[in-house]
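Source file: upload_2.csv (CSV, C-alpha atoms and all ligand atoms)
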chain,number,residue,atom,x,y,z
A,101,MET,CA,25.7,44.9,-45.6
A,102,LYS,CA,23.4,43.7,-42.9
A,103,HIS,CA,19.7,44.2,-42.4
A,104,LEU,CA,17.9,43.7,-39.1
A,105,ILE,CA,14.7,41.8,-40.0
A,106,ASP,CA,14.7,39.1,-37.4
A,107,PRO,CA,16.0,39.3,-33.9
A,108,VAL,CA,18.7,36.6,-34.7
A,109,ASP,CA,19.9,38.2,-37.9
A,110,PHE,CA,22.8,39.5,-35.9
A,111,SER,CA,25.1,37.0,-34.3
A,112,LYS,CA,25.2,37.0,-30.5
A,113,GLU,CA,28.5,38.9,-30.7
A,114,GLU,CA,27.0,41.6,-33.0
A,115,THR,CA,24.0,41.9,-30.7
A,116,ASP,CA,26.3,42.3,-27.7
A,117,GLN,CA,28.3,45.0,-29.6
A,118,VAL,CA,25.1,47.0,-30.2
A,119,ILE,CA,24.2,46.8,-26.5
A,120,GLU,CA,27.7,47.7,-25.4
A,121,LEU,CA,27.7,50.7,-27.7
A,122,ALA,CA,24.4,51.8,-26.3
A,123,GLN,CA,25.8,51.6,-22.8
A,124,ASP,CA,28.8,53.7,-23.9
A,125,ILE,CA,26.5,56.3,-25.6
A,126,ILE,CA,24.6,56.6,-22.3
A,127,LEU,CA,27.8,57.3,-20.4
A,128,ASN,CA,29.4,59.6,-23.1
A,129,ARG,CA,26.5,61.4,-24.8
A,130,GLU,CA,28.6,64.3,-26.2
A,131,LYS,CA,31.1,61.9,-27.9
A,132,TYR,CA,28.4,60.8,-30.3
A,133,TRP,CA,26.8,64.1,-31.1
A,134,ASP,CA,28.3,64.4,-34.6
A,135,ARG,CA,28.9,60.7,-35.3
A,136,LEU,CA,26.4,60.5,-38.2
A,137,ALA,CA,26.5,64.1,-39.5
A,138,HIS,CA,25.2,64.3,-43.1
A,139,ARG,CA,23.8,60.8,-42.9
A,140,LYS,CA,20.1,60.2,-43.4
A,141,LEU,CA,17.6,57.8,-41.9
A,142,ALA,CA,14.2,57.1,-43.6
A,143,THR,CA,11.4,56.1,-41.3
A,144,LEU,CA,8.6,54.4,-43.4
A,145,PHE,CA,5.7,53.7,-41.1
A,146,TYR,CA,2.7,52.0,-42.6
A,147,GLU,CA,1.2,51.4,-39.2
A,148,PRO,CA,0.7,53.6,-36.1
A,149,SER,CA,3.6,54.1,-33.7
A,150,THR,CA,4.7,56.6,-30.9
A,151,ARG,CA,7.8,55.1,-29.3
A,152,THR,CA,9.5,53.3,-32.2
A,153,ARG,CA,9.2,56.1,-34.8
A,154,LEU,CA,9.9,59.0,-32.4
A,155,SER,CA,12.8,57.1,-30.8
A,156,PHE,CA,14.4,56.4,-34.2
A,157,THR,CA,13.9,60.1,-35.1
A,158,SER,CA,15.4,61.3,-31.8
A,159,ALA,CA,18.2,58.8,-32.0
A,160,MET,CA,19.3,60.0,-35.5
A,161,MET,CA,19.0,63.7,-34.5
A,162,GLU,CA,21.1,63.0,-31.4
A,163,LEU,CA,23.8,61.5,-33.7
A,164,GLY,CA,23.8,64.7,-35.8
A,165,GLY,CA,22.0,63.0,-38.7
A,166,ASN,CA,18.8,63.8,-40.5
A,167,VAL,CA,15.5,62.0,-40.9
A,168,LEU,CA,12.9,61.8,-43.7
A,169,GLY,CA,10.0,59.6,-44.2
A,170,PHE,CA,6.3,59.1,-43.5
A,171,SER,CA,4.0,58.1,-40.7
A,172,ASP,CA,0.9,57.6,-42.8
A,173,ALA,CA,1.4,55.7,-46.1
A,174,LYS,CA,-2.0,57.0,-47.3
A,175,ASN,CA,-0.2,60.3,-48.2
A,176,THR,CA,2.4,58.6,-50.3
A,177,SER,CA,2.5,56.8,-53.7
A,178,VAL,CA,1.6,53.6,-51.7
A,179,SER,CA,-2.0,54.9,-52.2
A,180,LYS,CA,-1.4,54.7,-56.0
A,181,GLY,CA,-0.4,51.1,-55.7
A,182,GLU,CA,3.4,51.4,-55.4
A,183,THR,CA,4.8,48.1,-54.0
A,184,VAL,CA,6.9,47.8,-50.9
A,185,GLN,CA,9.9,46.7,-53.0
A,186,ASP,CA,9.6,49.7,-55.3
A,187,THR,CA,9.2,52.0,-52.3
A,188,VAL,CA,12.5,50.9,-50.7
A,189,ARG,CA,14.3,51.0,-54.1
A,190,VAL,CA,13.2,54.7,-54.3
A,191,VAL,CA,13.9,55.6,-50.7
A,192,GLY,CA,17.3,53.9,-50.9
A,193,CYS,CA,18.2,56.7,-53.4
A,194,PHE,CA,17.6,59.3,-50.6
A,195,ALA,CA,18.7,57.6,-47.3
A,196,ASP,CA,21.6,55.6,-45.9
A,197,VAL,CA,19.3,53.4,-43.8
A,198,ILE,CA,15.6,52.6,-43.7
A,199,ALA,CA,13.5,51.8,-40.6
A,200,MET,CA,10.1,50.3,-41.7
A,201,ARG,CA,7.0,49.3,-39.8
A,202,HIS,CA,4.3,47.4,-41.7
A,203,HIS,CA,1.0,45.7,-40.8
A,204,ILE,CA,1.8,43.1,-43.4
A,205,GLU,CA,4.0,40.2,-42.0
A,206,GLY,CA,7.2,39.6,-43.9
A,207,ALA,CA,7.0,43.0,-45.7
A,208,GLN,CA,10.5,44.1,-44.5
A,209,LEU,CA,12.1,40.7,-45.4
A,210,TYR,CA,10.6,41.0,-48.9
A,211,ALA,CA,11.8,44.7,-49.1
A,212,SER,CA,15.3,43.8,-48.0
A,213,GLU,CA,15.7,41.4,-51.0
A,214,VAL,CA,16.0,44.4,-53.3
A,215,SER,CA,17.3,47.1,-51.0
A,216,LYS,CA,20.7,48.7,-51.5
A,217,VAL,CA,20.7,50.2,-48.0
A,218,PRO,CA,20.2,48.4,-44.6
A,219,ILE,CA,16.5,47.8,-43.7
A,220,ILE,CA,15.5,47.8,-40.0
A,221,ASN,CA,12.3,45.9,-39.2
A,222,ALA,CA,10.4,48.3,-36.8
A,223,GLY,CA,7.6,45.7,-36.4
A,224,ASP,CA,5.8,43.6,-39.0
A,225,GLY,CA,2.2,42.7,-38.0
A,226,SER,CA,2.2,40.2,-35.1
A,227,HIS,CA,5.4,38.6,-36.3
A,228,SER,CA,8.6,40.3,-35.2
A,229,HIS,CA,9.9,43.5,-33.5
A,230,PRO,CA,13.7,43.2,-33.3
A,231,THR,CA,14.5,46.7,-32.2
A,232,GLN,CA,12.1,46.4,-29.3
A,233,THR,CA,14.1,43.2,-28.5
A,234,LEU,CA,17.3,45.2,-28.4
A,235,THR,CA,15.6,47.7,-26.1
A,236,ASP,CA,14.4,44.9,-23.8
A,237,LEU,CA,17.9,43.3,-23.7
A,238,LEU,CA,19.5,46.6,-22.8
A,239,THR,CA,16.8,47.2,-20.1
A,240,ILE,CA,17.3,43.8,-18.5
A,241,LYS,CA,21.0,44.3,-18.5
A,242,ARG,CA,20.7,47.8,-16.9
A,243,GLU,CA,18.0,46.8,-14.4
A,244,LEU,CA,19.5,43.4,-13.2
A,245,GLY,CA,23.2,43.7,-14.3
A,246,HIS,CA,23.0,40.5,-16.4
A,247,ILE,CA,20.9,38.6,-18.9
A,248,ASP,CA,22.2,35.1,-18.4
A,249,GLY,CA,20.4,33.0,-15.7
A,250,ILE,CA,17.2,35.0,-15.5
A,251,THR,CA,13.7,33.7,-15.0
A,252,ILE,CA,11.3,35.8,-17.2
A,253,GLY,CA,7.5,35.6,-17.2
A,254,PHE,CA,5.7,36.7,-20.3
A,255,CYS,CA,2.1,37.7,-19.5
A,256,GLY,CA,-0.9,38.6,-21.6
A,257,ASP,CA,-1.1,38.4,-25.4
A,258,LEU,CA,1.6,35.9,-26.3
A,259,ARG,CA,-0.2,34.9,-29.5
A,260,PHE,CA,-0.1,38.3,-31.3
A,261,GLY,CA,2.6,39.9,-29.2
A,262,ARG,CA,5.5,40.3,-31.7
A,263,THR,CA,7.7,41.7,-29.0
A,264,VAL,CA,7.3,38.5,-27.0
A,265,HIS,CA,8.2,36.3,-30.0
A,266,SER,CA,11.3,38.3,-30.8
A,267,LEU,CA,12.6,38.5,-27.2
A,268,ILE,CA,12.2,34.7,-26.7
A,269,LYS,CA,14.2,34.2,-29.9
A,270,ALA,CA,16.9,36.5,-28.7
A,271,LEU,CA,17.0,35.0,-25.2
A,272,SER,CA,17.6,31.6,-26.6
A,273,ARG,CA,21.2,32.6,-27.2
A,274,TYR,CA,21.8,33.4,-23.5
A,275,GLN,CA,22.7,30.9,-20.8
A,276,ASP,CA,20.3,29.2,-18.4
A,277,ILE,CA,17.2,31.2,-19.3
A,278,LYS,CA,13.9,30.1,-17.8
A,279,VAL,CA,10.6,31.2,-19.4
A,280,VAL,CA,7.2,31.2,-17.8
A,281,LEU,CA,4.2,31.8,-20.2
A,282,ILE,CA,1.2,33.3,-18.5
A,283,ALA,CA,-1.8,33.6,-20.9
A,284,PRO,CA,-5.3,32.4,-21.5
A,285,ASP,CA,-5.8,29.5,-24.0
A,286,GLU,CA,-6.8,31.9,-26.8
A,287,LEU,CA,-3.6,33.9,-26.4
A,288,ARG,CA,-1.0,31.2,-26.0
A,289,LEU,CA,2.4,31.4,-27.6
A,290,PRO,CA,2.4,30.1,-31.3
A,291,ASP,CA,3.7,26.6,-31.8
A,292,TYR,CA,6.5,27.7,-34.1
A,293,ILE,CA,8.1,29.6,-31.2
A,294,LYS,CA,7.7,26.7,-28.8
A,295,ASN,CA,9.0,24.2,-31.3
A,296,ASP,CA,11.6,26.1,-33.4
A,297,VAL,CA,13.0,28.3,-30.6
A,298,CYS,CA,12.3,26.9,-27.1
A,299,ASP,CA,12.6,23.2,-27.8
A,300,LYS,CA,15.4,23.5,-30.4
A,301,MET,CA,17.5,25.9,-28.3
A,302,GLY,CA,16.8,24.1,-25.0
A,303,ILE,CA,14.9,26.9,-23.3
A,304,ASN,CA,13.3,25.7,-20.2
A,305,TYR,CA,9.7,26.9,-20.3
A,306,LYS,CA,6.3,26.2,-18.6
A,307,GLU,CA,2.8,27.5,-19.2
A,308,VAL,CA,0.7,28.6,-16.2
A,309,ARG,CA,-2.8,30.2,-15.8
A,310,THR,CA,-2.2,32.7,-13.0
A,311,MET,CA,0.3,35.4,-12.3
A,312,GLU,CA,0.2,34.7,-8.5
A,313,GLU,CA,1.6,31.2,-8.8
A,314,VAL,CA,4.8,32.3,-10.4
A,315,LEU,CA,5.4,35.9,-9.4
A,316,PRO,CA,7.8,35.0,-6.4
A,317,GLU,CA,10.2,33.2,-8.8
A,318,LEU,CA,10.5,35.9,-11.5
A,319,ASP,CA,13.5,38.2,-12.2
A,320,VAL,CA,11.6,39.9,-15.0
A,321,LEU,CA,7.9,40.2,-15.6
A,322,TYR,CA,7.2,41.2,-19.2
A,323,MET,CA,3.6,42.5,-19.5
A,324,THR,CA,1.8,42.9,-22.8
A,325,ARG,CA,-1.3,44.5,-24.1
A,326,VAL,CA,-4.1,42.4,-25.7
A,327,GLN,CA,-3.9,43.6,-29.2
A,328,LYS,CA,-7.4,44.4,-30.4
A,329,GLU,CA,-6.2,45.4,-33.9
A,330,ARG,CA,-4.9,41.8,-34.6
A,331,PHE,CA,-8.2,40.0,-33.8
A,332,LEU,CA,-10.4,38.9,-36.7
A,333,ASP,CA,-13.3,38.1,-34.2
A,334,GLU,CA,-14.4,40.9,-31.8
A,335,ASP,CA,-16.2,38.5,-29.5
A,336,GLU,CA,-13.0,36.6,-28.9
A,337,PHE,CA,-11.2,39.9,-28.1
A,338,ASP,CA,-14.0,40.8,-25.6
A,339,ARG,CA,-13.6,37.4,-23.8
A,340,VAL,CA,-9.8,37.8,-23.2
A,341,LYS,CA,-9.2,41.6,-23.0
A,342,ASP,CA,-9.1,41.8,-19.2
A,343,SER,CA,-7.3,38.5,-18.6
A,344,PHE,CA,-4.4,39.8,-16.6
A,345,VAL,CA,-3.9,43.0,-14.6
A,346,LEU,CA,-0.8,43.9,-12.6
A,347,ASP,CA,-1.6,45.8,-9.4
A,348,ALA,CA,0.1,46.8,-6.2
A,349,ARG,CA,-1.3,43.7,-4.4
A,350,ARG,CA,0.3,41.3,-7.0
A,351,MET,CA,3.5,43.3,-6.9
A,352,SER,CA,3.8,42.5,-3.2
A,353,LEU,CA,4.2,38.8,-4.1
A,354,ALA,CA,7.3,39.6,-6.3
A,355,LYS,CA,11.0,39.6,-5.6
A,356,GLU,CA,12.4,42.9,-4.2
A,357,LYS,CA,14.6,43.2,-7.4
A,358,MET,CA,12.2,42.0,-10.0
A,359,ALA,CA,11.9,44.3,-13.1
A,360,VAL,CA,8.6,45.0,-14.7
A,361,LEU,CA,8.9,45.5,-18.5
A,362,HIS,CA,6.2,46.4,-21.0
A,363,PRO,CA,6.8,47.5,-24.6
A,364,LEU,CA,3.9,49.9,-24.3
A,365,PRO,CA,1.4,51.3,-25.0
A,366,ARG,CA,-0.6,49.9,-22.1
A,367,VAL,CA,-4.3,49.9,-21.8
A,368,ASN,CA,-5.4,48.5,-18.5
A,369,GLU,CA,-3.0,45.6,-17.9
A,370,ILE,CA,-0.8,47.6,-15.5
A,371,LEU,CA,-2.6,49.9,-13.1
A,372,THR,CA,-1.1,53.3,-12.6
A,373,GLU,CA,-0.6,52.5,-8.9
A,374,VAL,CA,2.4,50.4,-10.0
A,375,ASP,CA,4.2,53.2,-11.8
A,376,ASP,CA,5.9,54.6,-8.7
A,377,ASP,CA,7.2,51.2,-7.6
A,378,PRO,CA,11.0,51.2,-8.2
A,379,ARG,CA,10.6,47.8,-10.0
A,380,ALA,CA,8.4,49.4,-12.7
A,381,ALA,CA,11.0,49.8,-15.4
A,382,TYR,CA,8.8,50.4,-18.5
A,383,PHE,CA,9.4,54.1,-18.8
A,384,ARG,CA,13.1,53.6,-18.3
A,385,GLN,CA,12.7,51.0,-21.0
A,386,VAL,CA,11.3,53.6,-23.4
A,387,GLU,CA,14.5,55.8,-23.0
A,388,ASN,CA,16.7,52.8,-23.5
A,389,GLY,CA,15.0,52.4,-26.8
A,390,LYS,CA,16.5,55.6,-28.0
A,391,PHE,CA,20.0,54.7,-26.9
A,392,VAL,CA,19.9,51.3,-28.4
A,393,ARG,CA,18.6,52.7,-31.7
A,394,MET,CA,21.4,55.2,-31.8
A,395,ALA,CA,23.8,52.3,-31.4
A,396,LEU,CA,22.0,50.2,-34.0
A,397,ILE,CA,22.0,52.9,-36.7
A,398,THR,CA,25.6,53.6,-36.1
A,399,LYS,CA,26.6,50.0,-36.4
A,400,LEU,CA,24.5,49.3,-39.5
A,401,ILE,CA,26.2,52.2,-41.3
A,402,GLU,CA,29.6,51.1,-40.0
A,403,TRP,CA,29.0,47.5,-41.2
A,404,LYS,CA,27.4,48.5,-44.5
A,405,ASP,CA,30.6,48.1,-46.6
A,406,ASP,CA,32.4,45.8,-44.2
A,407,PRO,CA,32.8,42.2,-45.5
A,408,GLY,CA,33.4,41.1,-41.9
A,409,HIS,CA,29.6,41.6,-41.3
A,410,PRO,CA,27.8,39.7,-44.0
A,411,MET,CA,24.1,38.7,-43.6
A,412,LEU,CA,24.0,35.4,-41.7
A,413,LYS,CA,23.3,32.5,-44.1
A,414,GLN,CA,19.6,31.7,-43.9
A,415,GLU,CA,18.3,28.2,-44.2
A,416,ASP,CA,17.7,27.0,-47.7
A,417,SER,CA,14.4,28.1,-49.1
A,418,ILE,CA,12.0,26.0,-51.1
A,419,GLU,CA,9.9,27.6,-53.8
A,420,ASP,CA,6.7,25.7,-54.7
A,421,ASP,CA,3.8,27.3,-56.7
A,422,THR,CA,1.4,24.5,-55.7
A,423,ILE,CA,1.6,25.5,-52.0
A,424,HIS,CA,0.2,28.7,-50.5
A,425,CYS,CA,0.6,30.5,-47.2
A,426,SER,CA,-2.8,30.7,-45.5
A,427,ASN,CA,-2.0,33.9,-43.5
A,428,PRO,CA,-4.1,36.7,-45.1
A,429,LYS,CA,-1.7,39.2,-43.4
A,430,CYS,CA,1.4,37.7,-45.0
A,431,ILE,CA,3.3,39.7,-47.7
A,432,CYS,CA,2.9,36.7,-50.1
A,433,ASN,CA,-0.9,37.2,-50.0
A,434,ASN,CA,-0.7,41.0,-50.4
A,435,GLU,CA,2.1,41.6,-53.0
A,436,LYS,CA,3.6,39.3,-55.5
A,437,ALA,CA,6.1,37.7,-53.1
A,438,PRO,CA,7.1,34.2,-54.2
A,439,ASN,CA,5.6,31.1,-52.6
A,440,ARG,CA,8.8,30.5,-50.6
A,441,PHE,CA,9.0,28.1,-47.6
A,442,ARG,CA,11.5,26.7,-45.2
A,443,ARG,CA,11.6,23.2,-43.6
A,444,SER,CA,11.1,23.5,-39.8
A,445,ASP,CA,12.8,21.3,-37.2
A,446,ASP,CA,9.5,19.5,-36.5
A,447,GLY,CA,9.4,18.5,-40.2
A,448,SER,CA,6.6,21.0,-41.2
A,449,LEU,CA,6.9,23.5,-44.0
A,450,ARG,CA,6.6,27.1,-43.0
A,451,CYS,CA,6.2,30.3,-44.9
A,452,TRP,CA,9.6,32.0,-45.5
A,453,TYR,CA,8.1,35.4,-44.8
A,454,CYS,CA,5.7,35.0,-41.9
A,455,ASP,CA,6.5,31.5,-40.4
A,456,THR,CA,2.9,30.3,-40.8
A,457,LYS,CA,2.8,26.5,-41.0
A,458,VAL,CA,1.6,25.4,-44.4
A,459,LYS,CA,2.1,21.7,-44.4
B,501,LIG,N1,6.7,49.5,-28.2
B,501,LIG,C1,6.3,50.0,-29.4
B,501,LIG,O1,6.5,49.4,-30.5
B,501,LIG,O2,5.5,51.1,-29.3
B,501,LIG,P1,4.9,51.9,-30.6
B,501,LIG,O3,3.9,51.1,-31.2
B,501,LIG,O4,4.4,53.2,-30.0
B,501,LIG,O5,6.0,52.2,-31.5
Could you write out this structure as structure tokens?
Amino acid sequence: MKHLIDPVDFSKEETDQVIELAQDIILNREKYWDRLAHRKLATLFYEPSTRTRLSFTSAMMELGGNVLGFSDAKNTSVSKGETVQDTVRVVGCFADVIAMRHHIEGAQLYASEVSKVPIINAGDGSHSHPTQTLTDLLTIKRELGHIDGITIGFCGDLRFGRTVHSLIKALSRYQDIKVVLIAPDELRLPDYIKNDVCDKMGINYKEVRTMEEVLPELDVLYMTRVQKERFLDEDEFDRVKDSFVLDARRMSLAKEKMAVLHPLPRVNEILTEVDDDPRAAYFRQVENGKFVRMALITKLIEWKDDPGHPMLKQEDSIEDDTIHCSNPKCICNNEKAPNRFRRSDDGSLRCWYCDTKVK
């Protein structure tokens, strides 16, 4: 059985299989209408969502399956103190696969340790969002025809933007990727992505302060929203909230074939005047999200009992009760997850669940 918790939980070949299946679904919709008849998907959303939850629902319906779940944990036994592990143990009795979004980082990884059905991470705090990554990879493939060899600029909130962290991780397995990081100092990419992903995997990256200086070289511009809900300090949010805005003037500096992606929702970082530009791919990206989730659910159910698709071996974990993760939003500080760590390539110790550096 496989879960999808981290964007590189699937091998590169398995990721490509999901993307290829999504492309076949797009071309042959009717062929898949009954593919998952009588199967059930549970959507457990502890945090708000429009696209992810509804695209999972629409995906399962289009495959002929059924959907159960909640979009507000306050109306469930979570409000009585039921843990995330107990919740998935219970829901695993009712559903074949579970898609979960949680504001607590590492919640899905912790849940997967006891789940008897595949768990899909539909976003955990500012940590990871692997199904958005599959959506982004499919979108890049459809917009440009290839993923290898692209130069991609990530712009805006690279600190809290879980979609950015996940996509960079996934791109590290493609050939000749160049990454440009466009962010104010307060919103720079976390060091663990730079060290453990970019440096380790040989991703060529640079950090710049303005969009204008790099727009002409980009094949993809990945815009992000500054995520107010992740800031602990409102003054800090006010200082950076209007850092980067994409408008028609800036688009005139870009390549004729550049694709503009955004995981959405947007606030003010892409003006609506850009929406009619053929390079604005963000609403096509939303639709790709449904197709790729159809492919993902199909594959996870197909692989569930297939020994040819085991979970990839994770690095060895280290348990040490004398060390504590400092991230207040980590599962180990919210439920009784063990004090578990992994040794990073730079020699530091990082939380097993949320990747925060502890030593
Ligand atoms: N892209 C994305 O995750 O959107 P939602 O928060 O609406 O699900």
(Q) Using all atoms listed in the file, can you tell me which of A:Lys436, A:Lys216, A:Lys399, A:Arg309 comes closest to Val118 (chain A)? (A)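 Nearest to Val118 (chain A): A:Lys399.
Comparing the minimum interatomic distances between ligand LIG 501 (chain B) and each of A:Leu141, A:Leu136, A:Cys255, A:Leu361, counting all atoms listed in the file, we find that A:Leu361 sits nearest.
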Q: Taking only C-alpha atoms and all ligand atoms into account, report as JSON, numbers by chain which residues have an atom no farther than 9 Å from an atom of ligand LIG 501 (chain B).
A: {"A": [147, 148, 149, 150, 151, 152, 153, 154, 155, 201, 222, 223, 229, 231, 232, 263, 362, 363, 364, 365, 386, 389]}
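Take CA of Tyr292 (chain A) and CA of Asp248 (chain A): the distance between them is 23.4 Å.
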(Q) Applying 9 Å and only C-alpha atoms, which residues near Leu121 (chain A) remain after dropping the ones on its own chain fewer than 5 positions away? List them as a PyMOL selection string. (A) chain A and resi 116+126+391-392+394-396+399
Q: Kindly indicate which residue among A:Asp333, A:Ser272, A:Gly245, A:Arg339 lies nearest to Asp319 (chain A), using all atoms listed in the file for the distances.
A: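 Going through A:Asp333, A:Ser272, A:Gly245, A:Arg339 one by one, the smallest distance to Asp319 (chain A) is for A:Gly245.
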Q: Quick one: pull the distance between CA of Val178 (chain A) and CA of Glu435 (chain A), Å, one decimal.
A: 12.1 Å
Q | Distance in Å - CA of Leu127 (chain A) versus CA of Pro378 (chain A) | A |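 Result for CA of Leu127 (chain A) versus CA of Pro378 (chain A): 21.6 Å, one decimal.
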Q | Residue list as an MDAnalysis selection string for point (29.9, 67.5, -36.3), cut-off 12 Å, only C-alpha atoms | A | chainID A and resid 130:139 161:165
Q: Select, from A:Met351, A:Val280, A:Ala437, A:Ala359, the residue with the minimum atom-to-atom distance to Gln385 (chain A), counting all atoms listed in the file.
A: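 The shortest atom-to-atom distance to Gln385 (chain A) comes from A:Ala359.
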Each residue of region 299-355 of chain A with at least one atom at most 6 Å from region 249-252 of chain A should appear once, together with its nearest atom pair and the corresponding distance in Å (one decimal); atoms considered: only C-alpha atoms; ordering: chain, then increasing residue number; output as a tab-separated table.
residue	atom	partner	partner_atom	distance
A:Leu318	CA	A:Thr251	CA	5.2
A:Asp319	CA	A:Thr251	CA	5.3
A:Val320	CA	A:Ile252	CA	4.7
A:Leu321	CA	A:Ile252	CA	5.8
Need the neighbours of (3.4, 40.7, -38.7): which residues are at most 6 Å away, counting all atoms listed in the file, as a short mmCIF file (atom, residue, chain, number, x, y, z; two decimals) with C-alpha atoms, in the coordinates of the input?
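Saved result, result_26.cif, follows:
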data_model
loop_
_atom_site.label_atom_id
_atom_site.label_comp_id
_atom_site.auth_asym_id
_atom_site.auth_seq_id
_atom_site.Cartn_x
_atom_site.Cartn_y
_atom_site.Cartn_z
CA HIS A 203 1.00 45.70 -40.80
CA ILE A 204 1.80 43.10 -43.40
CA GLU A 205 4.00 40.20 -42.00
CA ASP A 224 5.80 43.60 -39.00
CA GLY A 225 2.20 42.70 -38.00
CA SER A 226 2.20 40.20 -35.10
CA HIS A 227 5.40 38.60 -36.30
#
Q) Which residues, written as an MDAnalysis selection string, have at least one atom at most 9 Å from region 191-198 of chain A, with all atoms listed in the file counted and residues fewer than 6 positions away on the same chain left out? A) chainID A and resid 139:144 167:169 215:221 397 400:401
Q. Region 106-115 of chain A: which residues within 8 Å, counting all atoms listed in the file, same-chain residues fewer than 2 positions away excluded, as a list in words?
A. His103, Leu104, Gln117, Val118, Ile119, Asn221, Ser228, His229, Pro230, Thr231, Thr233, Leu234, Ser266, Leu267, Lys269, Ala270, Arg273, Met411 and Leu412 of chain A
Q) Which one of A:Gln208, A:Asn295, A:Thr239, A:Gln327 sits closest to Arg259 (chain A) if you count only C-alpha atoms? A) A:Gln327
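Nearest to Glu356 (chain A) of all the residues A:Glu317, A:Glu336, A:Asp285, A:Asp416 is A:Glu317, based on all atoms listed in the file.
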Q: Considering all atoms listed in the file, return as a ChimeraX atom specification whatever protein or nucleic-acid residues lie within 12 Å of Ala354 (chain A), sequence-local ones (same chain, fewer than 5 positions apart) excluded.
A: /A:253,311-321,346-349,359-360,377,379-380
Q.
With all atoms listed in the file as the counted atoms, please give the residues lying no more than 6 Å from Gly206 (chain A), apart from itself and same-chain residues fewer than 6 positions off, as number ranges by chain.
A. A: 431, 453-454
Reconstruct region 239-253 of chain A at the level of N, CA and C atoms, and format the result as a tab-separated table (two decimals), in the coordinates of the input.
chain	number	residue	atom	x	y	z
A	239	THR	N	17.53	46.91	-21.40
A	239	THR	CA	16.80	47.20	-20.10
A	239	THR	C	17.07	46.15	-19.09
A	240	ILE	N	17.00	44.90	-19.49
A	240	ILE	CA	17.30	43.80	-18.50
A	240	ILE	C	18.69	43.95	-17.99
A	241	LYS	N	19.63	44.21	-18.91
A	241	LYS	CA	21.00	44.30	-18.50
A	241	LYS	C	21.19	45.49	-17.51
A	242	ARG	N	20.55	46.62	-17.78
A	242	ARG	CA	20.70	47.80	-16.90
A	242	ARG	C	19.97	47.60	-15.57
A	243	GLU	N	18.82	46.92	-15.62
A	243	GLU	CA	18.00	46.80	-14.40
A	243	GLU	C	18.64	45.71	-13.47
A	244	LEU	N	19.10	44.59	-14.05
A	244	LEU	CA	19.50	43.40	-13.20
A	244	LEU	C	21.05	43.25	-13.24
A	245	GLY	N	21.75	43.87	-14.22
A	245	GLY	CA	23.20	43.70	-14.30
A	245	GLY	C	23.63	42.53	-15.16
A	246	HIS	N	22.68	41.68	-15.57
A	246	HIS	CA	23.00	40.50	-16.40
A	246	HIS	C	21.78	40.01	-17.10
A	247	ILE	N	22.01	39.22	-18.16
A	247	ILE	CA	20.90	38.60	-18.90
A	247	ILE	C	20.90	37.08	-18.63
A	248	ASP	N	22.10	36.50	-18.67
A	248	ASP	CA	22.20	35.10	-18.40
A	248	ASP	C	21.57	34.72	-17.06
A	249	GLY	N	20.93	33.56	-17.02
A	249	GLY	CA	20.40	33.00	-15.70
A	249	GLY	C	19.12	33.58	-15.26
A	250	ILE	N	18.43	34.41	-16.05
A	250	ILE	CA	17.20	35.00	-15.50
A	250	ILE	C	15.99	34.07	-15.72
A	251	THR	N	15.01	34.26	-14.85
A	251	THR	CA	13.70	33.70	-15.00
A	251	THR	C	12.75	34.79	-15.43
A	252	ILE	N	12.14	34.67	-16.63
A	252	ILE	CA	11.30	35.80	-17.20
A	252	ILE	C	9.90	35.24	-17.42
A	253	GLY	N	8.92	35.98	-16.92
A	253	GLY	CA	7.50	35.60	-17.20
A	253	GLY	C	6.94	36.54	-18.22
